[in-house]
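Participant: I'd like to ask you about the structure that follows.
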Amino acid sequence: MTIISFFKRASQAFHGCSSYTKLLILFTTFSSSGGIVAYSESQSEINNTPPAEFNRNERKKKRVVVLGTGWAGISFLKNLDVSSYDVQVVSPRNYFAFTPLLPSVTCGTVEARSIAEPVRNIIKKRNGEIQFWEAECVKIDAANNKVFCKPNFGSSVVGTEDFSLEYDYLVIAVGAQVNTFNTPGVMENCHFLKDLEDAQKLRRSVIDCFEKAALPNLTEEERRINLHFVVVGGGPTGVEFAAELHDFLQEDLVNIYPMVKDLVKITVIQSGDHILNMFDERISSFAEQKFQRDGIEVKTGCRVLSVSDKEITMKVKSKGEVCSIPHGLVVWSTGVNTRPVVRDFMEQIGQANRRALATNEWLRVKGCENVYALGDCATIDQRKVMEDIGAIFKAADKDNSGTLTVQEFRDIIDDILIRYPQVGLYLRNKHLIDVADLLKDPEGNDRKEVDIEGLKQALSHVDSLTKSLPATAQVAAQQGTYLSRCFNRMEECKDNPEGPRRFRGSGRHHFRPFEYKHFGQFAPLGGEQAAAELPGDWVSMGHSTQWLWYSVYASKQVSWRTRVLVVSDWTRRFIFGRDSSRI
């Protein structure tokens with residue numbers, strides 16, 4: 001009782017303090033029953049002034065409007081030096097969700113609130129210098145540097161008229177929406193797993209399927225249909241959900257619904273030849289074998305044609321046959337597509353025919369000087385070496401002799417490797433130790449010098465290694481961190497540029513272009529087993545990899561609050577099992 005009273009008084013004292021200083025006190029009291037950990041952080045003042053009443057003194061700062069509070073947007077905000085900018089954030093959700101754990105939410109392994117951190121908790125750590133508006137951006141007016149927003153509360157709330165914000169810099173990080181490929185019936189009859197609301201809805205529907213199957217007036221065939229779970233898409237999200245559902249069934253639901261335990265079926269439909277085809281083939285093969293042992297049916301080479309409320313119709317590519325299978329629930333996980341607001345913006349700036357918003361290597365939207373795009377809504381349009389081969393040759397040929405010596409090529413190769421990362425990939429793929437090996441003739445003999453045609457020949461295959469970055473949280477987070485660093489050093493780098501040489505023009509680029517560093521990827525496969533593809537072509541599979549997954553995902557949480565909640569959820573699940581309540 002004394003300890004609890006002490007914590008209450010301490011908490012009141014901290015929350016009554018007006019200081020902006022962050023105070024973290026961690027008490028651990030060991031007793032016979034374990035430890036007690038108490039966490040308290042002083043409250044910072046948050047400026048909730050509406051858009052029309054900003055402090056006019058702040059107008060002297062450059063106005064930065066950030067659209068979205070996903071991985072890219074939050075990473076940008078957490079690392080931005082807001083003392084130089086008037087920052088405003090617009091998002092229809094007032095929280096950040098740790099999306100890699102969404103499949104765990106669907107089966108109660110982790111609670112929804114455990115992976116959600118309120119945006120205002122994040123921005124208050126910036127001393128209230130960031131304004132947040134819970135609204136949805138419905139239009140971007142690039143010509144007039146404005147965004148038009150619609151509050152996210154409906155018409156029943158007083159004072160929820162649409163509003164607009166002006167900007168000097170715009171950061172678009174709105175993510176993407178589910179790609180249905182215009183398949184009939186998908187929007188009406190499928191569940192998705194793109195955000196936290198999707199996971200919560202899916203969790204309730206899974207329990208509904210079991211409750212319906214347990215009703216006394218159903219035939220066995222009707223029960224089988226209700227308990228047939230179909231996952232469309234054999235990527236990481238679809239595979240992880242199937243594995244989570246199987247664990248939920250085997251570890252918890254068989255004890256709660258013993259009368260239907262033998263009627264459950266899980267099917268994964270994949271259009272490609274293998275599931276997890278973006279992973280190493282050893283992982284893909286391991287996952288397929290494990291699913292086969294677990295009784296999860298994997299149908300590869302199948303394309304879904306339509307989905308109704310009772311059955312899913314697909315075409316088997318190898319046979320050309322069209323067949324239908326009944327279902328109780330369908331989860332659609334087949335990639336992402338551009339959101340309407342981004343599509344409208346792309347039409348304004350002449351990118352209507354592209355799949356995603358195109359940016360340059362510095363994440364600036366092509367055709368706009370003050371608009372940046374991050375994460376799933378954008379793609380980097382990497383410039384090709386062969387587009388600039390003449391300019392590269394001219395910059396390297398210092399004596400204007402019409403030929404390049406090996407030394408002249410060495411003098412410029414560092415700038416080439418930074419400006420065109422595909423050159424470095426080519427060197428590694430070909431196992432070339434020395435950059436001078438690029439200049440060897442087709443027979444592999446050394447050449448002392450080359451002309452422009454020889455340089456074209458040496459670099460002719462380099463651009464084939466240019467690849468688009470995957471739409472993952474890892475990419476988005478790195479882009480947000482990179483762009484915040486550019487904003488923090490914007491004025492400094494105007495006078496002291498740190499980027500590579502401008503081959504078309506004079507001087508140097510202000511910043512180094514964005515470079516993605518891949519730290520690996522995980523694929524939980526159920527049964528306390530996972531697969532991991534890590535840097536250095538290292539592949540790990542099995543129980544030890546699952547514990548590595550636990551440690552990495554716990555460490556990557558956005559706050560200590562969510563970190564403690566997630567770990568406690570995992571612990572609860574080990575001790576008490578998953579919760580099957582329909583809440």
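By convention here, the chains of the structure tokens are called A, B, ... in the order presented, each chain's residues are numbered starting at 1, and ligands are numbered starting at 1 in the order presented.
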Neighbours of Asn488 of chain A within 9 Å (only C-alpha atoms; same-chain residues fewer than 5 positions away dropped), as a list in words?

Facilitator: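 What passes the distance filter is Asn79, Leu80, Asp81, Val82, Ser84 and Leu483 of chain A.
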
Participant: Write the residues of the selection above to a file with all heavy atoms, as a PDB file, in the first residue's frame.

Facilitator:
ATOM      1  N   ASN A  79      12.945  12.797 -35.907  1.00  0.00           N
ATOM      2  CA  ASN A  79      14.335  13.195 -36.123  1.00  0.00           C
ATOM      3  C   ASN A  79      14.493  14.621 -36.635  1.00  0.00           C
ATOM      4  O   ASN A  79      15.613  15.091 -36.806  1.00  0.00           O
ATOM      5  CB  ASN A  79      14.996  12.226 -37.119  1.00  0.00           C
ATOM      6  CG  ASN A  79      15.130  10.827 -36.571  1.00  0.00           C
ATOM      7  OD1 ASN A  79      16.007  10.533 -35.775  1.00  0.00           O
ATOM      8  ND2 ASN A  79      14.230   9.938 -36.987  1.00  0.00           N
ATOM      9  N   LEU A  80      13.378  15.306 -36.877  1.00  0.00           N
ATOM     10  CA  LEU A  80      13.442  16.667 -37.422  1.00  0.00           C
ATOM     11  C   LEU A  80      13.767  17.680 -36.326  1.00  0.00           C
ATOM     12  O   LEU A  80      13.206  17.634 -35.231  1.00  0.00           O
ATOM     13  CB  LEU A  80      12.104  17.017 -38.075  1.00  0.00           C
ATOM     14  CG  LEU A  80      11.992  18.413 -38.700  1.00  0.00           C
ATOM     15  CD1 LEU A  80      12.930  18.534 -39.891  1.00  0.00           C
ATOM     16  CD2 LEU A  80      10.554  18.697 -39.113  1.00  0.00           C
ATOM     17  N   ASP A  81      14.662  18.612 -36.636  1.00  0.00           N
ATOM     18  CA  ASP A  81      14.952  19.734 -35.745  1.00  0.00           C
ATOM     19  C   ASP A  81      13.879  20.795 -35.982  1.00  0.00           C
ATOM     20  O   ASP A  81      13.977  21.593 -36.922  1.00  0.00           O
ATOM     21  CB  ASP A  81      16.346  20.289 -36.037  1.00  0.00           C
ATOM     22  CG  ASP A  81      16.696  21.483 -35.157  1.00  0.00           C
ATOM     23  OD1 ASP A  81      15.918  21.777 -34.223  1.00  0.00           O
ATOM     24  OD2 ASP A  81      17.730  22.129 -35.412  1.00  0.00           O
ATOM     25  N   VAL A  82      12.854  20.791 -35.130  1.00  0.00           N
ATOM     26  CA  VAL A  82      11.692  21.647 -35.374  1.00  0.00           C
ATOM     27  C   VAL A  82      11.932  23.099 -34.987  1.00  0.00           C
ATOM     28  O   VAL A  82      11.056  23.945 -35.182  1.00  0.00           O
ATOM     29  CB  VAL A  82      10.455  21.110 -34.618  1.00  0.00           C
ATOM     30  CG1 VAL A  82      10.046  19.772 -35.170  1.00  0.00           C
ATOM     31  CG2 VAL A  82      10.733  21.023 -33.129  1.00  0.00           C
ATOM     32  N   SER A  84      13.697  25.133 -36.452  1.00  0.00           N
ATOM     33  CA  SER A  84      13.841  25.938 -37.668  1.00  0.00           C
ATOM     34  C   SER A  84      12.586  25.960 -38.528  1.00  0.00           C
ATOM     35  O   SER A  84      12.555  26.648 -39.553  1.00  0.00           O
ATOM     36  CB  SER A  84      15.011  25.400 -38.509  1.00  0.00           C
ATOM     37  OG  SER A  84      16.211  25.394 -37.774  1.00  0.00           O
ATOM     38  N   LEU A 483      15.324  12.092 -44.805  1.00  0.00           N
ATOM     39  CA  LEU A 483      14.797  13.402 -45.190  1.00  0.00           C
ATOM     40  C   LEU A 483      14.879  14.393 -44.034  1.00  0.00           C
ATOM     41  O   LEU A 483      15.151  15.587 -44.254  1.00  0.00           O
ATOM     42  CB  LEU A 483      13.353  13.269 -45.670  1.00  0.00           C
ATOM     43  CG  LEU A 483      12.748  14.537 -46.283  1.00  0.00           C
ATOM     44  CD1 LEU A 483      13.524  14.959 -47.526  1.00  0.00           C
ATOM     45  CD2 LEU A 483      11.280  14.339 -46.624  1.00  0.00           C
TER      46      LEU A 483
END

Participant: Just want the 12 Å neighbourhood of Ile256 of chain A, counted on only C-alpha atoms, with same-chain residues fewer than 4 positions away dropped. Output as a list in words.

Facilitator: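 Neighbouring residues, sequence-local ones excluded: Ile207, Phe210, Glu211, Ala214, Phe248, Leu249, Gln250, Glu251, Asp252, Val260, Lys261, Gly577, Arg578, Asp579, Ser580 and Ser581 of chain A.
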
Participant: Could you find all residues in segment 392-575 of chain A that DSSP calls strand (DSSP E or B) from the backbone, and write them as a list in words?

Facilitator: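 Secondary structure check on segment 392-575 of chain A, strand (DSSP E or B): Leu404, Thr405, Glu449, Val450, Arg501, Arg508, Gln521, Phe522, Ala523, Pro524, Leu525, Gly526, Gln529, Ala530, Ala531, Ala532, Glu533, Leu534, Trp538, Val539, Ser540, Met541 and Gly542 of chain A.
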
Participant: Can you tell me which residues surround segment 348-351 of chain A at a distance of at most 10 Å, considering only C-alpha atoms, apart from same-chain residues fewer than 2 positions away, and format the answer as a list in words?

Facilitator: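 What passes the distance filter is Ile140, Asp141, Ala142, Ala143, Val342, Arg343, Asp344, Phe345, Met346, Asn353, Arg354, Arg355, Ala356, Leu357, Ala358, Val365, Lys366, Gly367 and Cys368 of chain A.
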
Participant: Which residue gives the smallest distance to Asn94 of chain A among A:Arg120, A:Arg508, A:Arg63, A:Arg223, with only C-alpha atoms counted?

Facilitator: A:Arg120

Participant: My list of candidates is A:Glu533, A:Asp280, A:Asp273, A:Asp195. Which is closest to Gly175 of chain A when distances are computed with only C-alpha atoms?

Facilitator: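 The shortest atom-to-atom distance to Gly175 of chain A comes from A:Asp195.
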
Participant: Give me, please, the distance in Å between atom CA of Ser91 of chain A and atom CA of Glu491 of chain A, quoted to one decimal.

Facilitator: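 Interatomic distance, atom CA of Ser91 of chain A to atom CA of Glu491 of chain A: 28.3 Å.
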
Participant: Run DSSP on the backbone of this structure and report the residues of segment 463-575 of chain A it assigns to helix (DSSP H, G or I), as an NGL selection string.

Facilitator: :A and (463-465 or 473-488 or 490-495 or 543-555 or 560-575)

Participant: Quick one: of A:Gln270, A:Ser551, A:Ser484, A:Gln177, who's nearest to Met314 of chain A, counting only C-alpha atoms?

Facilitator: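 When distances to Met314 of chain A are compared using only C-alpha atoms, the smallest one comes from A:Gln270.
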
Participant: Work out how far atom CA of Val566 of chain A is from atom CA of Ala554 of chain A, in Å to one decimal.

Facilitator: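 Distance reported for this atom pair: 7.1 Å.
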
Participant: Pick out the closest residue to His228 of chain A from this set: A:Pro326, A:Leu215, A:Trp133, A:Lys315. Count only C-alpha atoms.

Facilitator: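 Distance minimum relative to His228 of chain A lands on A:Pro326.
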
Participant: Rank nothing, just name the residue among A:Arg512, A:Lys556, A:Lys394, A:Arg383 nearest to Asp415 of chain A, using only C-alpha atoms.

Facilitator: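 Among A:Arg512, A:Lys556, A:Lys394, A:Arg383, it is A:Arg512 that comes nearest to Asp415 of chain A.
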
Participant: Set out as JSON lines a contact list for segment 284-387 of chain A and segment 65-74 of chain A with a cut-off of 9 Å, giving each residue of segment 284-387 of chain A that qualifies its closest atom pair and distance in Å to one decimal, counting only C-alpha atoms, ordered by chain and rising residue number.

Facilitator:
{"residue": "A:Leu374", "atom": "CA", "partner": "A:Ala72", "partner_atom": "CA", "distance": 6.0}
{"residue": "A:Gly375", "atom": "CA", "partner": "A:Ala72", "partner_atom": "CA", "distance": 5.6}
{"residue": "A:Asp376", "atom": "CA", "partner": "A:Ala72", "partner_atom": "CA", "distance": 8.8}

Participant: Determine, counting only C-alpha atoms, which protein, DNA and RNA residues have an atom within 9 Å of an atom of Val462 of chain A; residues of the same chain fewer than 2 positions away are not included. Present the result as a list of chain:residue names.

Facilitator: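 Residues meeting the cut-off are A:Lys384, A:Val385, A:Met386, A:Gln422, A:Val423, A:Gly424, A:Leu425, A:Tyr426, A:Leu427, A:Ala458, A:Leu459, A:Ser460, A:Ser464, A:Leu465, A:Thr466.
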
Participant: To one decimal in Å, tell me the separation between atom CA of Phe409 of chain A and atom CA of Arg364 of chain A.

Facilitator: 29.7 Å

Participant: Can you tell me, as number ranges by chain, what residues are no more than 10 Å from Lys212 of chain A when counting only C-alpha atoms, ignoring any on the same chain fewer than 6 positions away?

Facilitator: A: 218, 222-223, 226-227, 328
